[in-house]
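Step one of this worksheet: look at the structure below.
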Number of protein chains: 4
Amino acid sequence: MLRVTIWNENVHERREPSVKRIYPDGMHAPIADGLRRELGDKTSIRVATLADPEHGLTDGVLAETDVLTWWGHAAHDEVSDEVVDRVHARVLAGMGIVVLHSGHKSKIFMRLMGTTCNLRWRSDPGGEREMVWTVNPGHPIASGIPQPIVIPHQEMYGEVFDVPPPDELVFISSFEGGEVFRSGCCYTRGSGRVVYFSPGDQEYPVYHQPEVQRVIANSVRWCGDVSTANDSPIKKLANSPRNWYLNPE
Amino acid sequence: MLRVTIWNENVHERREPSVKRIYPDGMHAPIADGLRRELGDKTSIRVATLADPEHGLTDGVLAETDVLTWWGHAAHDEVSDEVVDRVHARVLAGMGIVVLHSGHKSKIFMRLMGTTCNLRWRSDPGGEREMVWTVNPGHPIASGIPQPIVIPHQEMYGEVFDVPPPDELVFISSFEGGEVFRSGCCYTRGSGRVVYFSPGDQEYPVYHQPEVQRVIANSVRWCGDVSTANDSPIKKLANSPRNWYLNPE
Amino acid sequence: MLRVTIWNENVHERREPSVKRIYPDGMHAPIADGLRRELGDKTSIRVATLADPEHGLTDGVLAETDVLTWWGHAAHDEVSDEVVDRVHARVLAGMGIVVLHSGHKSKIFMRLMGTTCNLRWRSDPGGEREMVWTVNPGHPIASGIPQPIVIPHQEMYGEVFDVPPPDELVFISSFEGGEVFRSGCCYTRGSGRVVYFSPGDQEYPVYHQPEVQRVIANSVRWCGDVSTANDSPIKKLANSPRNWYLNPE
Amino acid sequence: MLRVTIWNENVHERREPSVKRIYPDGMHAPIADGLRRELGDKTSIRVATLADPEHGLTDGVLAETDVLTWWGHAAHDEVSDEVVDRVHARVLAGMGIVVLHSGHKSKIFMRLMGTTCNLRWRSDPGGEREMVWTVNPGHPIASGIPQPIVIPHQEMYGEVFDVPPPDELVFISSFEGGEVFRSGCCYTRGSGRVVYFSPGDQEYPVYHQPEVQRVIANSVRWCGDVSTANDSPIKKLANSPRNWYLNPE
């Protein structure tokens, strides 16, 4: 059983009619639908949002989460540092995290990357076409994905994307203006896996698109496939943050 | 169902009493036992050896193989180029390959790596202690592996190991003489995954050691977890070796 | 003093008027001009072509070459295997190689990569616009390069490009059709460095474009900056191809 | 002219007689001597310490620093967050940083890595022998380095070392107890380069060893060889930390 927690800031959906129209139940709803369709019974899904106590990410919830997905944008600064510390420690100890779209500027993603995570950006009314190309076709997160995915309307995210060189680069997007973007990046940090996947925006129905849902589901599955050894040394390391060193047994 | 073919040169075992004593049924026997114990019913296992027609690696067998393991040493040159071409094409099209120990100088491994795959070597009577350390503890091939694995008797494989920088480095070994070796290296080539794992020798009972068997089983499982899309563009590319280019549809 | 050998197949230029018009002195001429302008007195330049004895790549020439650039297309198969073996051994021993455009299907590049090096391709009359984006702005081969380089007329090279994941990815291109391509890829193989840079075609004046010349010059300089230790173990390894192993001293 | 700033915590040397005996002028003194010997006239050297105003790392000093070396241990927590922010921004904008030994737990290194940077550790009286093996012999930081470097007395740093997979791994160490450690790790972060090199301790005369000095000098030179383009987009990005996005011109 893979235990997934979908974290959604859930701010735009509540206050902006244009967003509410596209995502009446919040962006987490179609993300959850996609996970259910793609991963089926082997997965349990929980939703947590900014407004929940401790943003819904208590020690208890995190202890029961194998993979966390993260969408945020308007309220990155309102996420408490304590929760960020907690999520960070859990990722290093083996919990996967799938960071979506504007989550590139979330505290947790910048903390994990160690860089600004800035990027080139343009948003024209109505957006522009994004094409998402697979460059690593054997990678599990590309499983069953057409070449390319075409997203009719999107804002533009372009290079330079200030992240560390991905440990595995799976998708590269192009935009109508000719820009390119590393839109599917995989990382290992500690015992945990990190995926950044850029398609998805509150203004466009991107999360209703089945191929996009499938990439997210694939990413969740891949992030959940880490060493299950209880005696993983990195887990001991991560559990003793005060100690610089782990002494040999 | 994961379909595994264990390829074993099977030369030392037949002609050298010292090897026959350790591996009376061939080195493939304990490798198969380990796969059965670790992967269970979800796996079907076939054995192929150098002496079989086409070395047991016909088009038909390869078409029904998801992951191939490879052990060779004394007779690398006797493997036909035609079979190497065939295995190479299948790896690029998505079949996994787990190359073991002296397989570092097999034609197929050198072909996939593009380098000499040479290494530093010493063999003293009785061997010496090898310690295999996990450096990427969340990686699936390190699942359930103690830190370190201790192999009491081994020949020494040391750096410089002339391979491309691994896409993922999981294990590093040390030897009594103080040498180090990148003993668990993961690569993606085309749609296929490649693992090189160095422990294992015909003169020592390394393949009877459960932790070693587990790493091989983990590697087989990891190599088998690639994108299953039938329409993978790389598969089309690999299937048309005469054409330099794949024209867009 | 950096010693560069520009290798050019030099076939299209001699037999096709449309190419001769753009490159009357061969494609090697503007490449050499660019190197001279960018690298100046610190560089000596030699030209070798397919028609020369041993393709101009004798043991003597290679021994005096720090970095080789490679352009081929129509006559890849006419390059002798003996010369390919020789170049391969020299690269592993520390000589840099900069592979250009259609050189992706040269014997030497496929040998070094271990994959098909196939790609997606389209050529419309008049070509289409390519934009070359820097994704690793601190990398030496991106020094002084505008963001993006715009090449007005090009044939399309697109993903999937069947090469190993680059050790460092520096440029990604987009095309008018929306395709993307990893157009600047860096590799280490043995003690040598490899750059693949895709812009450049016999039908378009790409090699007259100063930014393209600058990337090539930067690549030559970067490939030439390898460890100069005479006692490099990999050099010993590469010099003894018959021996699988280097025994410890 | 390469402008280097050697940063040294300089605490142990002032208060512990055992350290003062080995490093009477501070650990920065032999590090500076080595840089002068190896890099000569092309390099200017400045020293800054914890006790200096703003730890000697004012905006002005950093603006005139191409590469910073960092040694800290007892007083990591006393380094002000403001200075860490400043150094971090400068690295992402292209300044190199060479982090030494116990600097693995410095605020700046953990910030850049995004992980705990913990490791396995043992310190026996008198230390033990460390052997530093080159695994990437063509890399500029391995230039002129013997295989292996033998350090007679050291404390043990072992795996798991909780850092991101190095972009380039150059050195691996072994210790008498059989442990291994990735002792020479190279990273690109933003436009800047990062080297972590573990040999060196306040209790042993490691920084007086010429091979160790040479690795540090090589690392400084390598970290200083980044794109010099004034118009690097990442520099603009790094200079505008408040803006999430860089709008296209």
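Each chain in the structure tokens gets a letter, A, B, ..., in the order shown, and its residues are numbered from 1; ligands are numbered from 1 in order too.
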**OP:** Would you mind listing what lies within 8 Å of Gly103 in chain C as a PyMOL selection string, with only C-alpha atoms counted and same-chain residues fewer than 4 positions away left out?
**Re:** chain C and resi 70-73+99+109
Could the residues in this selection be saved with N, CA, C and O atoms as a CSV table (one decimal), in the first residue's frame?
chain,number,residue,atom,x,y,z
C,70,TRP,N,35.3,17.0,-35.1
C,70,TRP,CA,34.9,15.9,-36.1
C,70,TRP,C,33.6,16.3,-36.8
C,70,TRP,O,32.6,16.5,-36.1
C,71,TRP,N,33.7,16.5,-38.1
C,71,TRP,CA,32.5,16.7,-38.9
C,71,TRP,C,32.5,15.6,-40.0
C,71,TRP,O,33.4,15.4,-40.8
C,72,GLY,N,31.4,14.8,-40.0
C,72,GLY,CA,31.2,13.8,-41.1
C,72,GLY,C,29.7,13.6,-41.3
C,72,GLY,O,28.9,14.0,-40.5
C,73,HIS,N,29.4,13.1,-42.5
C,73,HIS,CA,28.0,12.9,-42.8
C,73,HIS,C,27.8,11.8,-43.9
C,73,HIS,O,27.2,10.7,-43.6
C,99,VAL,N,32.5,16.7,-31.3
C,99,VAL,CA,31.7,16.1,-32.4
C,99,VAL,C,30.6,17.1,-32.8
C,99,VAL,O,29.9,17.6,-32.0
C,109,PHE,N,31.9,8.4,-32.6
C,109,PHE,CA,30.9,8.9,-31.6
C,109,PHE,C,30.0,7.8,-31.1
C,109,PHE,O,29.8,7.6,-29.9
Hey, could you make a per-residue contact list for chain C against chain D with 6 Å as the cut-off, showing the nearest pair of atoms and its distance in Å to one decimal, counting only C-alpha atoms, sorted by chain and number, as CSV?
residue,atom,partner,partner_atom,distance
C:Pro137,CA,D:Ser191,CA,5.7
C:Gly138,CA,D:Ser191,CA,3.9
C:His139,CA,D:Ser227,CA,5.5
C:Pro140,CA,D:Ser227,CA,4.8
C:Ser143,CA,D:Ser227,CA,4.2
C:Gly144,CA,D:Ala229,CA,4.4
C:Ser191,CA,D:Gly138,CA,3.9
C:Val226,CA,D:Gly138,CA,5.0
C:Ser227,CA,D:Ser143,CA,4.2
C:Thr228,CA,D:Ser143,CA,5.6
C:Ala229,CA,D:Gly144,CA,4.4
Save out the residues we just selected, C-alpha atoms, as an mmCIF file, in the first residue's frame.
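Output saved as out05.cif:
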data_model
loop_
_atom_site.group_PDB
_atom_site.id
_atom_site.type_symbol
_atom_site.label_atom_id
_atom_site.label_comp_id
_atom_site.auth_asym_id
_atom_site.auth_seq_id
_atom_site.Cartn_x
_atom_site.Cartn_y
_atom_site.Cartn_z
ATOM 1 C CA PRO C 137 25.308 29.321 -17.608
ATOM 2 C CA GLY C 138 28.504 28.929 -15.602
ATOM 3 C CA HIS C 139 29.868 26.196 -17.835
ATOM 4 C CA PRO C 140 33.017 27.219 -19.721
ATOM 5 C CA SER C 143 31.134 31.633 -21.961
ATOM 6 C CA GLY C 144 30.101 34.802 -23.799
ATOM 7 C CA SER C 191 40.808 10.637 -19.234
ATOM 8 C CA VAL C 226 42.358 17.798 -18.569
ATOM 9 C CA SER C 227 44.781 16.464 -16.038
ATOM 10 C CA THR C 228 48.293 16.709 -17.386
ATOM 11 C CA ALA C 229 49.817 14.159 -15.076
#
Subject >> Which of range 117-218 of chain A DSSP labels alpha helix (DSSP H), written as a PyMOL selection string >> reply: chain A and resi 210-218
How would chain C read as a compact mmCIF listing (two decimals) with C-alpha atoms, in the first residue's frame after a least-squares superposition onto chain D over every Cα atom, matched in order?
# COMPACT_ATOMS: atom_id res chain seq x y z
CA MET C 1 44.37 37.20 -12.19
CA LEU C 2 42.47 34.74 -10.00
CA ARG C 3 41.39 36.36 -6.73
CA VAL C 4 41.23 33.88 -3.85
CA THR C 5 39.95 34.44 -0.33
CA ILE C 6 40.96 31.81 2.23
CA TRP C 7 38.39 31.71 4.99
CA ASN C 8 39.47 30.09 8.22
CA GLU C 9 37.48 29.87 11.42
CA ASN C 10 40.87 30.15 13.19
CA VAL C 11 39.59 29.05 16.60
CA HIS C 12 41.40 25.80 17.35
CA GLU C 13 44.76 27.31 16.41
CA ARG C 14 44.41 30.10 18.94
CA ARG C 15 43.22 28.12 21.94
CA GLU C 16 44.63 24.58 21.66
CA PRO C 17 48.37 24.09 22.11
CA SER C 18 48.32 20.80 20.22
CA VAL C 19 46.92 22.56 17.17
CA LYS C 20 49.10 25.65 17.58
CA ARG C 21 52.15 23.42 17.43
CA ILE C 22 51.16 22.07 14.03
CA TYR C 23 49.71 25.29 12.62
CA PRO C 24 51.46 28.15 14.47
CA ASP C 25 50.25 30.70 11.88
CA GLY C 26 46.81 29.15 11.43
CA MET C 27 45.71 26.49 8.99
CA HIS C 28 45.28 29.24 6.41
CA ALA C 29 49.07 29.70 6.29
CA PRO C 30 50.03 26.37 4.67
CA ILE C 31 46.93 26.56 2.47
CA ALA C 32 48.11 29.96 1.22
CA ASP C 33 51.64 28.65 0.76
CA GLY C 34 50.35 25.81 -1.37
CA LEU C 35 48.29 28.13 -3.55
CA ARG C 36 51.27 30.39 -4.09
CA ARG C 37 53.55 27.51 -5.02
CA GLU C 38 51.03 25.86 -7.36
CA LEU C 39 49.29 28.84 -8.93
CA GLY C 40 52.03 31.44 -8.74
CA ASP C 41 51.74 34.97 -9.97
CA LYS C 42 48.39 34.52 -11.60
CA THR C 43 46.71 34.46 -8.20
CA SER C 44 46.10 37.02 -5.48
CA ILE C 45 45.39 35.71 -1.99
CA ARG C 46 43.50 37.25 0.90
CA VAL C 47 42.77 35.72 4.31
CA ALA C 48 39.56 36.24 6.29
CA THR C 49 38.61 34.77 9.65
CA LEU C 50 35.64 34.46 11.95
CA ALA C 51 36.92 37.17 14.29
CA ASP C 52 37.13 39.81 11.55
CA PRO C 53 34.24 42.29 11.20
CA GLU C 54 31.54 40.54 9.19
CA HIS C 55 33.93 37.56 9.36
CA GLY C 56 36.03 39.37 6.77
CA LEU C 57 33.42 38.63 4.13
CA THR C 58 31.94 42.01 3.37
CA ASP C 59 30.15 42.74 0.14
CA GLY C 60 33.31 44.44 -1.03
CA VAL C 61 35.55 41.47 -0.33
CA LEU C 62 33.15 39.02 -1.96
CA ALA C 63 32.81 41.25 -5.02
CA GLU C 64 36.58 40.92 -5.44
CA THR C 65 36.71 37.17 -4.79
CA ASP C 66 36.63 34.63 -7.61
CA VAL C 67 37.10 31.60 -5.36
CA LEU C 68 36.61 31.20 -1.62
CA THR C 69 38.04 28.34 0.45
CA TRP C 70 36.26 27.43 3.67
CA TRP C 71 37.53 25.76 6.84
CA GLY C 72 35.37 25.68 9.97
CA HIS C 73 34.60 23.29 12.78
CA ALA C 74 34.16 24.45 16.36
CA ALA C 75 32.19 27.60 15.61
CA HIS C 76 29.89 26.88 12.67
CA ASP C 77 26.98 28.35 14.60
CA GLU C 78 28.79 31.63 15.15
CA VAL C 79 28.84 32.44 11.45
CA SER C 80 26.08 34.99 10.94
CA ASP C 81 23.16 34.11 8.71
CA GLU C 82 23.57 37.39 6.90
CA VAL C 83 27.07 36.45 5.80
CA VAL C 84 25.88 33.00 4.80
CA ASP C 85 23.13 34.57 2.65
CA ARG C 86 25.72 36.78 1.02
CA VAL C 87 28.17 33.99 0.27
CA HIS C 88 25.35 31.80 -1.01
CA ALA C 89 24.17 34.48 -3.45
CA ARG C 90 27.74 35.03 -4.67
CA VAL C 91 28.29 31.33 -5.30
CA LEU C 92 25.10 31.10 -7.34
CA ALA C 93 26.27 34.15 -9.28
CA GLY C 94 29.54 32.45 -10.20
CA MET C 95 32.03 32.59 -7.30
CA GLY C 96 33.68 29.24 -6.66
CA ILE C 97 33.87 27.69 -3.20
CA VAL C 98 36.23 24.96 -1.95
CA VAL C 99 34.93 23.45 1.27
CA LEU C 100 37.49 21.64 3.38
CA HIS C 101 37.18 18.76 5.86
CA SER C 102 34.92 19.64 8.80
CA GLY C 103 33.45 22.41 6.67
CA HIS C 104 30.95 19.71 5.65
CA LYS C 105 28.79 20.92 8.56
CA SER C 106 29.20 24.63 7.83
CA LYS C 107 26.00 26.59 7.27
CA ILE C 108 27.07 27.54 3.76
CA PHE C 109 27.77 23.96 2.67
CA MET C 110 24.53 22.57 4.09
CA ARG C 111 22.66 25.45 2.43
CA LEU C 112 24.22 24.67 -0.94
CA MET C 113 23.69 20.93 -0.65
CA GLY C 114 20.15 20.89 0.79
CA THR C 115 20.95 17.82 2.90
CA THR C 116 22.29 17.15 6.41
CA CYS C 117 25.86 16.55 5.18
CA ASN C 118 26.23 14.09 8.05
CA LEU C 119 28.76 11.30 7.84
CA ARG C 120 30.15 8.34 9.75
CA TRP C 121 33.01 9.26 12.02
CA ARG C 122 35.67 7.76 14.25
CA SER C 123 38.63 9.38 15.93
CA ASP C 124 41.18 7.20 17.61
CA PRO C 125 44.22 8.65 19.33
CA GLY C 126 46.91 9.08 16.75
CA GLY C 127 44.46 8.68 13.93
CA GLU C 128 44.71 6.13 11.17
CA ARG C 129 45.98 5.93 7.62
CA GLU C 130 43.81 7.45 4.85
CA MET C 131 44.43 6.58 1.20
CA VAL C 132 42.94 8.98 -1.36
CA TRP C 133 42.30 7.35 -4.74
CA THR C 134 41.61 9.17 -7.98
CA VAL C 135 38.62 7.73 -9.84
CA ASN C 136 38.38 10.41 -12.56
CA PRO C 137 41.98 10.79 -13.70
CA GLY C 138 41.38 13.36 -16.43
CA HIS C 139 39.66 15.80 -14.10
CA PRO C 140 41.59 19.05 -13.62
CA ILE C 141 41.53 18.75 -9.83
CA ALA C 142 43.43 15.44 -10.10
CA SER C 143 46.22 16.94 -12.14
CA GLY C 144 49.65 15.80 -10.97
CA ILE C 145 48.28 13.81 -8.05
CA PRO C 146 49.87 10.42 -7.16
CA GLN C 147 47.73 7.30 -7.07
CA PRO C 148 46.99 7.12 -4.15
CA ILE C 149 47.78 10.01 -1.84
CA VAL C 150 48.69 8.44 1.50
CA ILE C 151 47.91 10.48 4.61
CA PRO C 152 49.58 8.75 7.55
CA HIS C 153 47.36 10.05 10.35
CA GLN C 154 43.74 11.09 10.06
CA GLU C 155 40.41 10.82 11.76
CA MET C 156 37.97 8.63 9.86
CA TYR C 157 35.18 10.09 7.71
CA GLY C 158 33.01 7.34 6.26
CA GLU C 159 29.88 6.59 4.27
CA VAL C 160 27.02 7.26 4.22
CA PHE C 161 27.96 10.87 3.53
CA ASP C 162 24.59 12.60 3.22
CA VAL C 163 25.22 14.88 0.25
CA PRO C 164 23.54 15.00 -3.16
CA PRO C 165 25.15 12.69 -5.69
CA PRO C 166 28.21 14.66 -6.83
CA ASP C 167 28.02 16.07 -10.35
CA GLU C 168 31.58 14.78 -10.67
CA LEU C 169 33.23 12.40 -8.22
CA VAL C 170 37.02 12.63 -8.36
CA PHE C 171 38.44 11.09 -5.18
CA ILE C 172 37.42 8.19 -2.94
CA SER C 173 39.27 7.49 0.31
CA SER C 174 39.72 4.35 2.33
CA PHE C 175 40.69 4.10 5.98
CA GLU C 176 42.47 1.45 8.01
CA GLY C 177 39.19 0.31 9.49
CA GLY C 178 38.00 -0.53 5.97
CA GLU C 179 35.59 2.40 5.59
CA VAL C 180 35.32 4.36 2.35
CA PHE C 181 34.44 8.01 1.73
CA ARG C 182 33.71 10.16 -1.30
CA SER C 183 36.50 12.59 -0.46
CA GLY C 184 36.58 14.74 -3.59
CA CYS C 185 33.16 15.87 -4.83
CA CYS C 186 32.42 18.52 -7.47
CA TYR C 187 29.12 20.36 -7.91
CA THR C 188 27.67 23.12 -10.05
CA ARG C 189 25.19 25.36 -8.26
CA GLY C 190 23.81 28.31 -10.20
CA SER C 191 26.75 29.70 -12.15
CA GLY C 192 29.18 28.66 -9.43
CA ARG C 193 31.31 25.62 -8.81
CA VAL C 194 31.66 23.85 -5.50
CA VAL C 195 34.37 21.40 -4.46
CA TYR C 196 34.30 19.43 -1.25
CA PHE C 197 37.66 17.89 -0.31
CA SER C 198 37.75 16.00 2.97
CA PRO C 199 41.43 15.44 3.90
CA GLY C 200 42.67 17.91 6.49
CA ASP C 201 42.30 18.19 10.22
CA GLN C 202 43.43 20.51 12.96
CA GLU C 203 45.08 17.65 14.86
CA TYR C 204 47.26 16.39 12.03
CA PRO C 205 49.68 18.15 9.68
CA VAL C 206 47.62 17.29 6.62
CA TYR C 207 47.69 20.81 5.16
CA HIS C 208 51.49 20.72 5.11
CA GLN C 209 51.40 17.76 2.74
CA PRO C 210 52.26 18.93 -0.80
CA GLU C 211 49.82 16.60 -2.60
CA VAL C 212 46.98 17.88 -0.43
CA GLN C 213 48.01 21.45 -1.15
CA ARG C 214 48.05 20.61 -4.84
CA VAL C 215 44.50 19.23 -4.80
CA ILE C 216 43.35 22.43 -3.10
CA ALA C 217 45.17 24.56 -5.66
CA ASN C 218 43.74 22.51 -8.53
CA SER C 219 40.29 22.89 -7.00
CA VAL C 220 40.67 26.65 -6.72
CA ARG C 221 41.76 26.85 -10.34
CA TRP C 222 38.87 24.64 -11.50
CA CYS C 223 36.30 26.60 -9.48
CA GLY C 224 37.59 29.80 -11.02
CA ASP C 225 37.11 28.58 -14.59
CA VAL C 226 33.48 29.50 -15.12
CA SER C 227 31.73 31.40 -17.83
CA THR C 228 32.80 35.01 -17.76
CA ALA C 229 29.86 36.37 -19.68
CA ASN C 230 28.63 39.57 -18.09
CA ASP C 231 25.21 38.93 -19.47
CA SER C 232 24.82 35.52 -17.88
CA PRO C 233 21.10 35.17 -17.14
CA ILE C 234 21.78 33.43 -13.86
CA LYS C 235 23.65 36.46 -12.63
CA LYS C 236 20.64 38.58 -13.30
CA LEU C 237 18.49 36.01 -11.56
CA ALA C 238 20.77 35.86 -8.55
CA ASN C 239 20.93 39.62 -8.34
CA SER C 240 17.18 39.90 -8.03
CA PRO C 241 16.39 37.54 -5.16
CA ARG C 242 13.03 39.13 -4.52
CA ASN C 243 11.76 38.31 -7.94
CA TRP C 244 10.74 34.78 -8.54
CA TYR C 245 11.00 35.19 -12.23
CA LEU C 246 13.13 36.86 -14.78
CA ASN C 247 10.92 38.28 -17.46
CA PRO C 248 12.17 37.80 -20.99
CA GLU C 249 13.70 40.94 -22.36
Apply DSSP to the backbone of this structure and, from range 34-247 of chain B, keep only the residues in strand (DSSP E); write these as an mmCIF file with C-alpha atoms, in the first residue's frame.
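Now in out_15.cif:
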data_model
loop_
_atom_site.group_PDB
_atom_site.id
_atom_site.type_symbol
_atom_site.label_atom_id
_atom_site.label_comp_id
_atom_site.auth_asym_id
_atom_site.auth_seq_id
_atom_site.Cartn_x
_atom_site.Cartn_y
_atom_site.Cartn_z
ATOM 1 C CA THR B 43 9.719 -14.072 -11.618
ATOM 2 C CA SER B 44 10.435 -16.719 -14.223
ATOM 3 C CA ILE B 45 14.038 -17.841 -14.614
ATOM 4 C CA ARG B 46 15.865 -19.340 -17.577
ATOM 5 C CA VAL B 47 19.548 -20.266 -17.832
ATOM 6 C CA ALA B 48 21.680 -19.885 -20.950
ATOM 7 C CA THR B 49 25.355 -20.703 -21.407
ATOM 8 C CA VAL B 67 16.372 -8.749 -17.605
ATOM 9 C CA LEU B 68 19.564 -10.607 -18.449
ATOM 10 C CA THR B 69 22.381 -11.295 -15.977
ATOM 11 C CA TRP B 70 25.880 -11.832 -17.382
ATOM 12 C CA TRP B 71 28.864 -13.718 -15.991
ATOM 13 C CA GLY B 96 17.802 -4.711 -18.433
ATOM 14 C CA ILE B 97 21.255 -6.214 -17.984
ATOM 15 C CA VAL B 98 23.091 -7.012 -14.746
ATOM 16 C CA VAL B 99 26.799 -7.509 -15.412
ATOM 17 C CA LEU B 100 28.697 -9.425 -12.761
ATOM 18 C CA LEU B 119 40.751 -1.864 -13.703
ATOM 19 C CA ARG B 120 43.499 -2.380 -11.155
ATOM 20 C CA TRP B 121 43.823 -5.969 -10.040
ATOM 21 C CA ARG B 122 45.597 -8.181 -7.538
ATOM 22 C CA GLU B 128 41.555 -10.743 0.891
ATOM 23 C CA ARG B 129 38.609 -9.160 2.677
ATOM 24 C CA GLU B 130 36.288 -6.912 0.643
ATOM 25 C CA MET B 131 33.879 -4.540 2.363
ATOM 26 C CA VAL B 132 30.984 -3.251 0.245
ATOM 27 C CA TRP B 133 29.597 0.082 1.457
ATOM 28 C CA THR B 134 26.279 1.593 0.432
ATOM 29 C CA ILE B 149 28.594 -6.325 3.322
ATOM 30 C CA VAL B 150 31.753 -8.175 4.339
ATOM 31 C CA ILE B 151 33.125 -10.701 1.851
ATOM 32 C CA PRO B 152 35.848 -12.672 3.607
ATOM 33 C CA HIS B 153 37.850 -13.777 0.564
ATOM 34 C CA GLN B 154 38.078 -11.986 -2.755
ATOM 35 C CA MET B 156 41.094 -7.189 -5.491
ATOM 36 C CA TYR B 157 39.441 -4.958 -8.094
ATOM 37 C CA GLY B 158 40.614 -1.367 -7.698
ATOM 38 C CA GLU B 168 23.932 6.359 -10.117
ATOM 39 C CA LEU B 169 26.683 5.055 -7.851
ATOM 40 C CA VAL B 170 25.320 2.797 -5.122
ATOM 41 C CA PHE B 171 28.204 0.741 -3.713
ATOM 42 C CA ILE B 172 31.893 1.393 -3.086
ATOM 43 C CA SER B 173 34.202 -1.391 -1.908
ATOM 44 C CA SER B 174 37.451 -1.339 0.013
ATOM 45 C CA PHE B 175 40.051 -4.080 0.177
ATOM 46 C CA VAL B 180 38.756 1.241 -3.309
ATOM 47 C CA PHE B 181 36.405 0.309 -6.143
ATOM 48 C CA ARG B 182 33.053 1.543 -7.444
ATOM 49 C CA SER B 183 31.438 -1.858 -7.050
ATOM 50 C CA GLY B 184 27.783 -1.016 -7.722
ATOM 51 C CA CYS B 185 27.205 1.210 -10.764
ATOM 52 C CA CYS B 186 23.875 1.968 -12.469
ATOM 53 C CA TYR B 187 23.437 3.244 -16.016
ATOM 54 C CA THR B 188 20.635 4.056 -18.423
ATOM 55 C CA ARG B 189 21.398 3.261 -22.041
ATOM 56 C CA GLY B 192 17.392 -0.042 -20.893
ATOM 57 C CA ARG B 193 19.013 -0.124 -17.513
ATOM 58 C CA VAL B 194 22.447 -1.530 -16.773
ATOM 59 C CA VAL B 195 23.857 -2.542 -13.391
ATOM 60 C CA TYR B 196 27.459 -3.528 -12.856
ATOM 61 C CA PHE B 197 28.089 -5.314 -9.544
ATOM 62 C CA TYR B 245 16.889 9.108 -38.155
ATOM 63 C CA LEU B 246 13.340 8.637 -37.087
#
